[in-house]
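Enquirer: Handing over run_20.pdb, PDB, C-alpha atoms (C1' of nucleotides).
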MODEL        1
ATOM      1  CA  MET A 517     138.056 139.531 125.262
ATOM      2  CA  ASP A 518     139.265 143.032 126.011
ATOM      3  CA  LYS A 519     136.912 145.612 124.581
ATOM      4  CA  ILE A 520     133.865 146.613 126.545
ATOM      5  CA  ARG A 521     130.510 146.978 124.868
ATOM      6  CA  SER A 522     128.820 149.303 127.328
ATOM      7  CA  ASP A 523     129.023 150.438 130.940
ATOM      8  CA  CYS A 524     126.225 148.108 132.019
ATOM      9  CA  PRO A 525     127.606 145.940 134.844
ATOM     10  CA  ILE A 526     125.971 142.826 133.409
ATOM     11  CA  SER A 527     127.538 143.488 130.037
ATOM     12  CA  CYS A 528     130.916 144.211 131.640
ATOM     13  CA  THR A 529     130.823 140.918 133.510
ATOM     14  CA  LEU A 530     129.946 139.023 130.349
ATOM     15  CA  ASP A 531     132.783 140.772 128.544
ATOM     16  CA  VAL A 532     135.114 138.978 130.964
ATOM     17  CA  ILE A 533     133.546 135.612 131.803
ATOM     18  CA  GLY A 534     130.806 135.382 129.171
ATOM     19  CA  ASP A 535     132.128 132.373 127.318
ATOM     20  CA  LYS A 536     131.630 128.658 127.570
ATOM     21  CA  TRP A 537     134.821 127.797 129.478
ATOM     22  CA  SER A 538     135.903 130.439 131.995
ATOM     23  CA  LEU A 539     133.223 129.657 134.543
ATOM     24  CA  LEU A 540     133.914 125.939 134.287
ATOM     25  CA  ILE A 541     137.532 126.537 135.259
ATOM     26  CA  ILE A 542     136.330 128.698 138.126
ATOM     27  CA  ARG A 543     133.906 125.957 139.142
ATOM     28  CA  ASP A 544     136.774 123.458 139.196
ATOM     29  CA  VAL A 545     138.900 125.531 141.507
ATOM     30  CA  MET A 546     135.987 126.805 143.594
ATOM     31  CA  LEU A 547     134.015 123.621 144.171
ATOM     32  CA  ARG A 548     136.233 120.727 143.237
ATOM     33  CA  GLY A 549     139.572 121.627 144.731
ATOM     34  CA  LYS A 550     141.340 121.575 141.387
ATOM     35  CA  MET A 551     144.374 123.771 141.124
ATOM     36  CA  SER A 552     146.553 122.809 138.185
ATOM     37  CA  TYR A 553     146.560 122.822 134.401
ATOM     38  CA  SER A 554     146.469 119.037 134.217
ATOM     39  CA  GLU A 555     143.554 118.811 136.625
ATOM     40  CA  PHE A 556     141.539 121.315 134.600
ATOM     41  CA  LEU A 557     142.458 119.443 131.452
ATOM     42  CA  ASN A 558     141.078 116.203 132.858
ATOM     43  CA  SER A 559     137.653 117.623 133.629
ATOM     44  CA  GLU A 560     134.772 115.810 132.037
ATOM     45  CA  GLU A 561     134.037 118.612 129.573
ATOM     46  CA  LYS A 562     137.399 118.126 127.824
ATOM     47  CA  ILE A 563     138.657 121.632 127.193
ATOM     48  CA  ALA A 564     141.297 121.982 124.465
ATOM     49  CA  THR A 565     144.811 122.809 125.597
ATOM     50  CA  ASN A 566     145.111 126.062 123.688
ATOM     51  CA  ILE A 567     141.778 127.284 125.048
ATOM     52  CA  LEU A 568     142.775 126.332 128.568
ATOM     53  CA  VAL A 569     146.056 128.206 128.328
ATOM     54  CA  ALA A 570     144.319 131.264 126.930
ATOM     55  CA  ARG A 571     141.659 131.224 129.644
ATOM     56  CA  LEU A 572     144.102 130.741 132.506
ATOM     57  CA  ALA A 573     146.153 133.664 131.220
ATOM     58  CA  MET A 574     143.050 135.823 130.875
ATOM     59  CA  LEU A 575     141.718 134.910 134.319
ATOM     60  CA  GLU A 576     145.085 135.713 135.852
ATOM     61  CA  GLU A 577     145.299 138.956 133.882
ATOM     62  CA  GLU A 578     141.833 139.900 135.132
ATOM     63  CA  GLY A 579     142.823 139.207 138.714
ATOM     64  CA  ILE A 580     140.380 136.353 139.136
ATOM     65  CA  LEU A 581     142.984 133.633 139.539
ATOM     66  CA  ALA A 582     146.453 133.946 141.061
ATOM     67  CA  ARG A 583     149.236 131.719 139.819
ATOM     68  CA  GLU A 584     152.129 130.493 141.908
ATOM     69  CA  VAL A 585     154.747 127.766 141.730
ATOM     70  CA  SER A 586     153.604 124.580 143.375
ATOM     71  CA  PRO A 587     155.250 124.109 146.775
ATOM     72  CA  GLY A 588     155.824 120.395 146.230
ATOM     73  CA  ASN A 589     156.865 120.490 142.599
ATOM     74  CA  LYS A 590     158.794 123.399 141.173
ATOM     75  CA  SER A 591     157.907 122.547 137.590
ATOM     76  CA  LYS A 592     154.234 122.855 138.391
ATOM     77  CA  TYR A 593     151.950 125.825 138.816
ATOM     78  CA  ILE A 594     148.932 126.056 141.024
ATOM     79  CA  TYR A 595     146.051 128.449 140.604
ATOM     80  CA  ARG A 596     144.080 129.945 143.470
ATOM     81  CA  LEU A 597     141.060 132.194 143.572
ATOM     82  CA  THR A 598     141.604 135.810 144.450
ATOM     83  CA  GLN A 599     138.891 137.583 146.403
ATOM     84  CA  LYS A 600     137.582 138.874 143.088
ATOM     85  CA  GLY A 601     137.374 135.305 141.841
ATOM     86  CA  ALA A 602     135.822 134.024 145.052
ATOM     87  CA  ASP A 603     133.152 136.692 144.716
ATOM     88  CA  LEU A 604     131.904 134.881 141.631
ATOM     89  CA  MET A 605     130.646 132.122 143.910
ATOM     90  CA  PRO A 606     127.030 133.353 144.011
ATOM     91  CA  VAL A 607     126.978 133.441 140.213
ATOM     92  CA  ILE A 608     128.189 129.837 140.117
ATOM     93  CA  ILE A 609     125.582 128.777 142.677
ATOM     94  CA  GLU A 610     122.758 130.412 140.728
ATOM     95  CA  LEU A 611     123.871 128.869 137.437
ATOM     96  CA  MET A 612     123.990 125.511 139.178
ATOM     97  CA  ASP A 613     120.554 125.894 140.700
ATOM     98  CA  TRP A 614     118.953 126.904 137.409
ATOM     99  CA  GLY A 615     120.691 124.129 135.512
ATOM    100  CA  ALA A 616     119.590 121.504 137.995
ATOM    101  CA  LYS A 617     116.027 122.812 138.016
ATOM    102  CA  TYR A 618     115.561 122.706 134.255
ATOM    103  CA  ASN A 619     117.668 119.740 133.173
ATOM    104  CA  ARG A 620     116.502 116.304 134.062
ATOM    105  CA  ASN A 621     119.881 114.964 132.960
ATOM    106  CA  CYS A 622     121.560 117.071 135.637
ATOM    107  CA  PRO A 623     120.778 115.287 138.885
ATOM    108  CA  ARG A 624     121.165 117.299 142.076
ATOM    109  CA  LYS A 625     123.900 115.843 144.208
ATOM    110  CA  GLU A 626     124.801 116.863 147.714
ATOM    111  CA  LEU A 627     125.443 120.516 147.030
ATOM    112  CA  GLY A 628     122.519 120.767 144.633
ATOM    113  CA  GLN A 629     120.113 119.401 147.237
ATOM    114  CA  LYS A 630     121.452 121.749 149.850
ATOM    115  CA  ILE A 631     121.009 124.695 147.509
ATOM    116  CA  LYS A 632     117.434 123.730 146.837
ATOM    117  CA  LYS A 633     116.752 123.497 150.540
ATOM    118  CA  ASP A 634     118.521 126.635 151.720
ATOM    119  CA  LYS A 635     120.421 128.565 149.096
ATOM    120  CA  ALA A 636     121.319 131.461 151.355
ATOM    121  CA  ALA A 637     122.950 129.118 153.862
ATOM    122  CA  VAL A 638     125.038 127.503 151.140
ATOM    123  CA  VAL A 639     126.217 130.873 149.906
ATOM    124  CA  ARG A 640     127.045 131.988 153.429
ATOM    125  CA  GLU A 641     128.953 128.824 154.282
ATOM    126  CA  LEU A 642     130.839 128.672 151.007
ATOM    127  CA  ALA A 643     131.816 132.313 151.353
ATOM    128  CA  ALA A 644     133.371 131.499 154.706
ATOM    129  CA  VAL A 645     135.271 128.541 153.303
ATOM    130  CA  LEU A 646     136.558 130.568 150.375
ATOM    131  CA  ARG A 647     137.557 133.441 152.606
ATOM    132  CA  GLU A 648     139.973 131.115 154.345
ATOM    133  CA  LYS A 649     141.387 129.781 151.112
ATOM    134  CA  VAL A 650     141.836 133.206 149.612
ATOM    135  CA  LYS A 651     143.495 134.586 152.700
ATOM    136  CA  GLY A 652     146.586 132.468 152.132
ATOM    137  CA  VAL A 653     147.334 134.281 148.888
ATOM    138  CA  SER A 654     147.340 137.874 150.064
TER
ATOM    139  CA  MET B 301     124.324 125.423 120.877
ATOM    140  CA  ASP B 302     122.749 121.982 121.116
ATOM    141  CA  LYS B 303     125.249 119.435 122.315
ATOM    142  CA  ILE B 304     125.873 119.074 126.017
ATOM    143  CA  ARG B 305     129.363 118.655 127.362
ATOM    144  CA  SER B 306     128.584 116.943 130.641
ATOM    145  CA  ASP B 307     125.785 116.446 133.140
ATOM    146  CA  CYS B 308     127.113 119.130 135.457
ATOM    147  CA  PRO B 309     124.296 121.657 135.986
ATOM    148  CA  ILE B 310     126.680 124.575 135.643
ATOM    149  CA  SER B 311     127.978 123.217 132.353
ATOM    150  CA  CYS B 312     124.433 122.531 131.131
ATOM    151  CA  THR B 313     123.396 126.103 131.877
ATOM    152  CA  LEU B 314     126.425 127.469 130.054
ATOM    153  CA  ASP B 315     125.631 125.215 127.092
ATOM    154  CA  VAL B 316     122.415 127.231 126.718
ATOM    155  CA  ILE B 317     123.153 130.798 127.824
ATOM    156  CA  GLY B 318     126.944 130.781 127.999
ATOM    157  CA  ASP B 319     127.587 133.296 125.259
ATOM    158  CA  LYS B 320     128.029 137.030 125.150
ATOM    159  CA  TRP B 321     124.536 137.962 123.974
ATOM    160  CA  SER B 322     121.765 135.742 125.347
ATOM    161  CA  LEU B 323     121.848 137.154 128.852
ATOM    162  CA  LEU B 324     121.838 140.712 127.539
ATOM    163  CA  ILE B 325     118.603 140.021 125.691
ATOM    164  CA  ILE B 326     117.200 138.483 128.859
ATOM    165  CA  ARG B 327     118.367 141.543 130.803
ATOM    166  CA  ASP B 328     116.539 143.799 128.339
ATOM    167  CA  VAL B 329     113.252 142.001 128.729
ATOM    168  CA  MET B 330     113.662 141.349 132.453
ATOM    169  CA  LEU B 331     114.862 144.718 133.707
ATOM    170  CA  ARG B 332     114.229 147.238 130.961
ATOM    171  CA  GLY B 333     110.779 146.384 129.716
ATOM    172  CA  LYS B 334     111.971 145.704 126.191
ATOM    173  CA  MET B 335     109.889 143.267 124.235
ATOM    174  CA  SER B 336     110.573 143.529 120.501
ATOM    175  CA  TYR B 337     113.276 142.817 117.956
ATOM    176  CA  SER B 338     113.755 146.495 117.219
ATOM    177  CA  GLU B 339     114.078 147.395 120.886
ATOM    178  CA  PHE B 340     116.726 144.725 121.421
ATOM    179  CA  LEU B 341     118.486 145.923 118.301
ATOM    180  CA  ASN B 342     118.678 149.448 119.669
ATOM    181  CA  SER B 343     120.383 148.460 122.914
ATOM    182  CA  GLU B 344     123.652 150.180 123.602
ATOM    183  CA  GLU B 345     125.729 147.038 122.981
ATOM    184  CA  LYS B 346     124.692 146.953 119.307
ATOM    185  CA  ILE B 347     124.005 143.306 118.596
ATOM    186  CA  ALA B 348     124.119 142.297 114.927
ATOM    187  CA  THR B 349     120.819 141.415 113.277
ATOM    188  CA  ASN B 350     121.737 137.858 112.371
ATOM    189  CA  ILE B 351     122.973 137.152 115.897
ATOM    190  CA  LEU B 352     119.813 138.639 117.370
ATOM    191  CA  VAL B 353     117.569 136.522 115.164
ATOM    192  CA  ALA B 354     119.538 133.392 116.023
ATOM    193  CA  ARG B 355     119.425 134.117 119.757
ATOM    194  CA  LEU B 356     115.728 134.924 119.837
ATOM    195  CA  ALA B 357     114.987 131.673 118.012
ATOM    196  CA  MET B 358     117.209 129.731 120.393
ATOM    197  CA  LEU B 359     115.735 131.314 123.513
ATOM    198  CA  GLU B 360     112.241 130.565 122.259
ATOM    199  CA  GLU B 361     113.270 127.015 121.344
ATOM    200  CA  GLU B 362     114.673 126.563 124.841
ATOM    201  CA  GLY B 363     111.477 127.813 126.413
ATOM    202  CA  ILE B 364     113.082 130.872 127.966
ATOM    203  CA  LEU B 365     111.207 133.425 125.879
ATOM    204  CA  ALA B 366     107.690 133.146 124.456
ATOM    205  CA  ARG B 367     106.823 134.938 121.250
ATOM    206  CA  GLU B 368     103.422 136.308 120.360
ATOM    207  CA  VAL B 369     101.944 138.794 117.900
ATOM    208  CA  SER B 370     101.811 142.291 119.321
ATOM    209  CA  PRO B 371      98.263 143.245 120.339
ATOM    210  CA  GLY B 372      98.561 146.774 118.939
ATOM    211  CA  ASN B 373     100.447 146.002 115.761
ATOM    212  CA  LYS B 374      99.921 142.804 113.853
ATOM    213  CA  SER B 375     103.183 143.095 111.966
ATOM    214  CA  LYS B 376     105.111 143.108 115.210
ATOM    215  CA  TYR B 377     106.135 140.401 117.608
ATOM    216  CA  ILE B 378     106.616 140.716 121.324
ATOM    217  CA  TYR B 379     108.716 138.484 123.503
ATOM    218  CA  ARG B 380     107.918 137.643 127.108
ATOM    219  CA  LEU B 381     109.750 135.672 129.728
ATOM    220  CA  THR B 382     108.470 132.233 130.577
ATOM    221  CA  GLN B 383     108.817 131.049 134.156
ATOM    222  CA  LYS B 384     111.991 129.292 133.085
ATOM    223  CA  GLY B 385     113.300 132.593 131.760
ATOM    224  CA  ALA B 386     112.178 134.529 134.820
ATOM    225  CA  ASP B 387     114.062 132.047 136.986
ATOM    226  CA  LEU B 388     117.281 133.374 135.494
ATOM    227  CA  MET B 389     116.713 136.577 137.443
ATOM    228  CA  PRO B 390     119.038 135.656 140.333
ATOM    229  CA  VAL B 391     121.798 134.913 137.833
ATOM    230  CA  ILE B 392     121.313 138.333 136.268
ATOM    231  CA  ILE B 393     121.361 140.019 139.678
ATOM    232  CA  GLU B 394     124.584 138.281 140.684
ATOM    233  CA  LEU B 395     126.285 139.149 137.400
ATOM    234  CA  MET B 396     125.209 142.734 137.893
ATOM    235  CA  ASP B 397     126.463 142.888 141.463
ATOM    236  CA  TRP B 398     129.856 141.444 140.574
ATOM    237  CA  GLY B 399     130.224 143.697 137.559
ATOM    238  CA  ALA B 400     129.404 146.791 139.563
ATOM    239  CA  LYS B 401     131.737 145.795 142.367
ATOM    240  CA  TYR B 402     134.774 145.266 140.152
ATOM    241  CA  ASN B 403     134.330 147.831 137.397
ATOM    242  CA  ARG B 404     134.731 151.453 138.238
ATOM    243  CA  ASN B 405     133.309 152.331 134.822
ATOM    244  CA  CYS B 406     130.059 150.582 135.764
ATOM    245  CA  PRO B 407     128.432 152.962 138.207
ATOM    246  CA  ARG B 408     125.714 151.512 140.430
ATOM    247  CA  LYS B 409     122.403 153.109 139.627
ATOM    248  CA  GLU B 410     119.167 152.664 141.536
ATOM    249  CA  LEU B 411     118.953 148.907 141.257
ATOM    250  CA  GLY B 412     122.672 148.466 141.786
ATOM    251  CA  GLN B 413     122.580 150.440 145.023
ATOM    252  CA  LYS B 414     119.596 148.490 146.243
ATOM    253  CA  ILE B 415     121.363 145.211 145.491
ATOM    254  CA  LYS B 416     124.388 146.333 147.453
ATOM    255  CA  LYS B 417     122.218 147.258 150.405
ATOM    256  CA  ASP B 418     119.908 144.242 150.457
ATOM    257  CA  LYS B 419     120.326 141.753 147.664
ATOM    258  CA  ALA B 420     117.864 139.239 149.051
ATOM    259  CA  ALA B 421     115.122 141.837 149.150
ATOM    260  CA  VAL B 422     115.753 142.811 145.531
ATOM    261  CA  VAL B 423     115.581 139.178 144.437
ATOM    262  CA  ARG B 424     112.387 138.647 146.410
ATOM    263  CA  GLU B 425     110.698 141.763 145.059
ATOM    264  CA  LEU B 426     111.756 141.187 141.478
ATOM    265  CA  ALA B 427     110.550 137.600 141.644
ATOM    266  CA  ALA B 428     107.124 138.889 142.651
ATOM    267  CA  VAL B 429     107.064 141.402 139.812
ATOM    268  CA  LEU B 430     108.114 138.801 137.272
ATOM    269  CA  ARG B 431     105.594 136.293 138.566
ATOM    270  CA  GLU B 432     102.857 138.722 137.591
ATOM    271  CA  LYS B 433     104.307 139.361 134.156
ATOM    272  CA  VAL B 434     104.800 135.692 133.436
ATOM    273  CA  LYS B 435     101.330 134.774 134.582
ATOM    274  CA  GLY B 436      99.783 136.553 131.631
ATOM    275  CA  VAL B 437     101.450 134.148 129.227
ATOM    276  CA  SER B 438     100.295 130.843 130.622
TER
ATOM    277  C1'  DG C 257      96.186 153.990  95.544
ATOM    278  C1'  DA C 258     100.934 155.165  95.309
ATOM    279  C1'  DT C 259     104.694 156.249  98.450
ATOM    280  C1'  DA C 260     107.082 156.148 102.425
ATOM    281  C1'  DA C 261     108.278 154.379 106.898
ATOM    282  C1'  DG C 262     108.511 150.693 110.265
ATOM    283  C1'  DT C 263     109.459 145.903 111.548
ATOM    284  C1'  DT C 264     111.477 141.507 111.162
ATOM    285  C1'  DG C 265     114.170 139.282 109.069
ATOM    286  C1'  DT C 266     118.012 137.075 105.041
ATOM    287  C1'  DT C 267     122.339 136.800 102.613
ATOM    288  C1'  DG C 268     127.212 137.113 101.574
ATOM    289  C1'  DC C 269     131.600 137.616 103.090
ATOM    290  C1'  DA C 270     135.484 138.750 106.297
ATOM    291  C1'  DA C 271     137.338 138.141 110.864
ATOM    292  C1'  DA C 272     137.724 135.879 115.133
ATOM    293  C1'  DA C 273     137.108 132.022 118.270
ATOM    294  C1'  DT C 274     137.042 127.192 118.906
ATOM    295  C1'  DG C 275     138.370 122.290 118.317
ATOM    296  C1'  DC C 276     141.706 118.788 117.287
ATOM    297  C1'  DA C 277     146.068 116.517 116.862
ATOM    298  C1'  DA C 278     150.715 116.572 117.040
ATOM    299  C1'  DG C 279     154.946 118.359 118.763
ATOM    300  C1'  DT C 280     158.182 121.034 122.163
ATOM    301  C1'  DG C 281     160.858 122.308 126.381
ATOM    302  C1'  DC C 282     162.050 121.480 130.907
ATOM    303  C1'  DA C 283     162.290 119.675 135.573
ATOM    304  C1'  DA C 284     161.776 115.609 138.484
ATOM    305  C1'  DT C 285     162.217 110.672 138.751
ATOM    306  C1'  DA C 286     164.126 106.036 137.918
TER
ATOM    307  C1'  DT D 698     171.215 108.663 130.998
ATOM    308  C1'  DA D 699     166.579 107.611 129.898
ATOM    309  C1'  DT D 700     161.903 108.273 130.978
ATOM    310  C1'  DT D 701     157.965 110.324 132.668
ATOM    311  C1'  DG D 702     154.995 114.149 133.929
ATOM    312  C1'  DC D 703     153.647 118.758 133.248
ATOM    313  C1'  DA D 704     152.807 123.020 130.939
ATOM    314  C1'  DC D 705     152.556 124.730 127.030
ATOM    315  C1'  DT D 706     152.944 125.828 121.414
ATOM    316  C1'  DT D 707     151.824 125.268 116.663
ATOM    317  C1'  DG D 708     149.249 124.357 112.510
ATOM    318  C1'  DC D 709     145.107 123.740 110.397
ATOM    319  C1'  DA D 710     140.064 122.779 109.844
ATOM    320  C1'  DT D 711     135.611 124.098 111.534
ATOM    321  C1'  DT D 712     132.396 127.070 113.734
ATOM    322  C1'  DT D 713     130.810 131.353 115.399
ATOM    323  C1'  DT D 714     130.642 136.188 115.208
ATOM    324  C1'  DG D 715     130.585 140.791 113.049
ATOM    325  C1'  DC D 716     129.363 143.865 109.383
ATOM    326  C1'  DA D 717     126.806 145.715 105.651
ATOM    327  C1'  DA D 718     123.577 145.440 102.338
ATOM    328  C1'  DC D 719     119.238 143.869 100.874
ATOM    329  C1'  DA D 720     114.270 141.867 101.142
ATOM    330  C1'  DA D 721     109.453 140.914 102.381
ATOM    331  C1'  DC D 722     105.635 142.333 104.571
ATOM    332  C1'  DT D 723     102.596 145.638 107.250
ATOM    333  C1'  DT D 724     101.047 149.947 108.464
ATOM    334  C1'  DA D 725     100.846 154.959 108.115
ATOM    335  C1'  DT D 726     100.812 159.173 104.935
ATOM    336  C1'  DC D 727      99.920 161.999 101.075
TER
ENDMDL
END
Can you give me the file's structure in the form of structure tokens?

Expert:
Amino acid sequence: MDKIRSDCPISCTLDVIGDKWSLLIIRDVMLRGKMSYSEFLNSEEKIATNILVARLAMLEEEGILAREVSPGNKSKYIYRLTQKGADLMPVIIELMDWGAKYNRNCPRKELGQKIKKDKAAVVRELAAVLREKVKGVS
Amino acid sequence: MDKIRSDCPISCTLDVIGDKWSLLIIRDVMLRGKMSYSEFLNSEEKIATNILVARLAMLEEEGILAREVSPGNKSKYIYRLTQKGADLMPVIIELMDWGAKYNRNCPRKELGQKIKKDKAAVVRELAAVLREKVKGVS
DNA sequence: GATAAGTTGTTGCAAAATGCAAGTGCAATA
DNA sequence: TATTGCACTTGCATTTTGCAACAACTTATC
């Protein structure tokens, strides 16, 4: 996960998050309010513990997630999006829209419907929400 | 590449194109006018032949690419985007924008600059271009 | 019509990533 | 002090990827 294949920006992005799990972790923290190892572990897709650890370390290393000790529980870590991580939001939205459009077993829920109706508005509003969340990290 | 992990649209999309190579092939045909096995093989990222064959078969199976015999050369195949494949364009654009923003070794070229200036316009214009290309397949 | 060159693969094997199950260390809680 | 919750680690089997060589089939060239 550390050697680059070319200087194409698409290729460079895939070098970092082009696997089956990274973007699901980012989805969890971006859209579902999840913040901890155990919450990610309990997601419906059932990521293995060693993969989760490796991905969290990589995402932190890449500056996409920021790790800090949980305020309420000192033996617990919480993960937040950095601005770099938050900027992946449009990618997530587009993946979601395409997936919902071409998979009948992926029903559009609230957010999916809203994206179908006015994608640009969703992106704008979510960017504002994330900006607030990210600000607290600094 | 055939079992789904959940009914989340993001997860479903990653089940199909969530690897390091599929989207690069789609980039080649979508943005670089490449259409054949040998052209994909010659891309700067140097995909292995067995991986390329497997991905082309998968993308055709998934209805993202359509294969046909080359008009000029009967021993040659060409691959075109279906509408389903063309609809991945916004994903490609967002990956490109993020990659260019956060990698100093990924200089923005013409398209990259245009995306930075007016992403929505690029998406709109490219959609029109692709609509024409896809139409010929029907 | 034999030879070469182009195009799309296949095959075998090594290396890396993933998946699974069990175990570990440590702080908070009872 | 015992127990529980949380964040990992480890070992091993399976799957995917990467690499290099080879193969079939078509078209161009001599």

Enquirer: Show me, as a ChimeraX atom specification, the residues that have an atom within 8 Å of stretch 710-722 of chain D when counting all atoms listed in the file, minus same-chain residues fewer than 3 positions from it.

Expert: /B:348,351,375 /C:266-267,271-275

Enquirer: Between atom CA of A:Glu561 and atom CA of A:Gly615, what is the distance, to one decimal in Å?

Expert: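 A separation of 15.6 Å between them.
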
Enquirer: Hey, list the chain A side of the contact with chain D: 9 Å cut-off, all atoms listed in the file, answer as a list in words.

Expert: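 Contact residues on the first chain: Tyr553, Ser554, Thr565, Asn566, Val569, Ser591, Lys592 and Tyr593 of chain A.
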
Enquirer: Once the PyMOL selection byres ((chain C) within 8 of (chain B)) has been applied to the shown file, what residues remain in the selection, as a PDB file with C-alpha atoms (C1' of nucleotides), keeping the file's coordinate frame?

Expert:
ATOM      1  C1'  DT C 263     109.459 145.903 111.548  1.00  0.00           C
ATOM      2  C1'  DT C 264     111.477 141.507 111.162  1.00  0.00           C
ATOM      3  C1'  DG C 265     114.170 139.282 109.069  1.00  0.00           C
TER       4       DG C 265
END

Enquirer: Exactly which residues make up the result of the PyMOL selection byres ((chain B) within 8 of (chain A)) on this file, given as JSON, numbers by chain?

Expert: {"B": [305, 306, 307, 308, 309, 310, 311, 312, 313, 314, 315, 318, 319, 320, 324, 344, 345, 384, 387, 388, 390, 391, 392, 394, 395, 396, 397, 398, 399, 400, 402, 403, 405, 406, 407]}

Enquirer: May I ask for the distance between atom CA of B:Ser370 and atom CA of B:Ala357, given in Å to one decimal place?

Expert: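 Rounded to one decimal, the two atoms are 17.0 Å apart.
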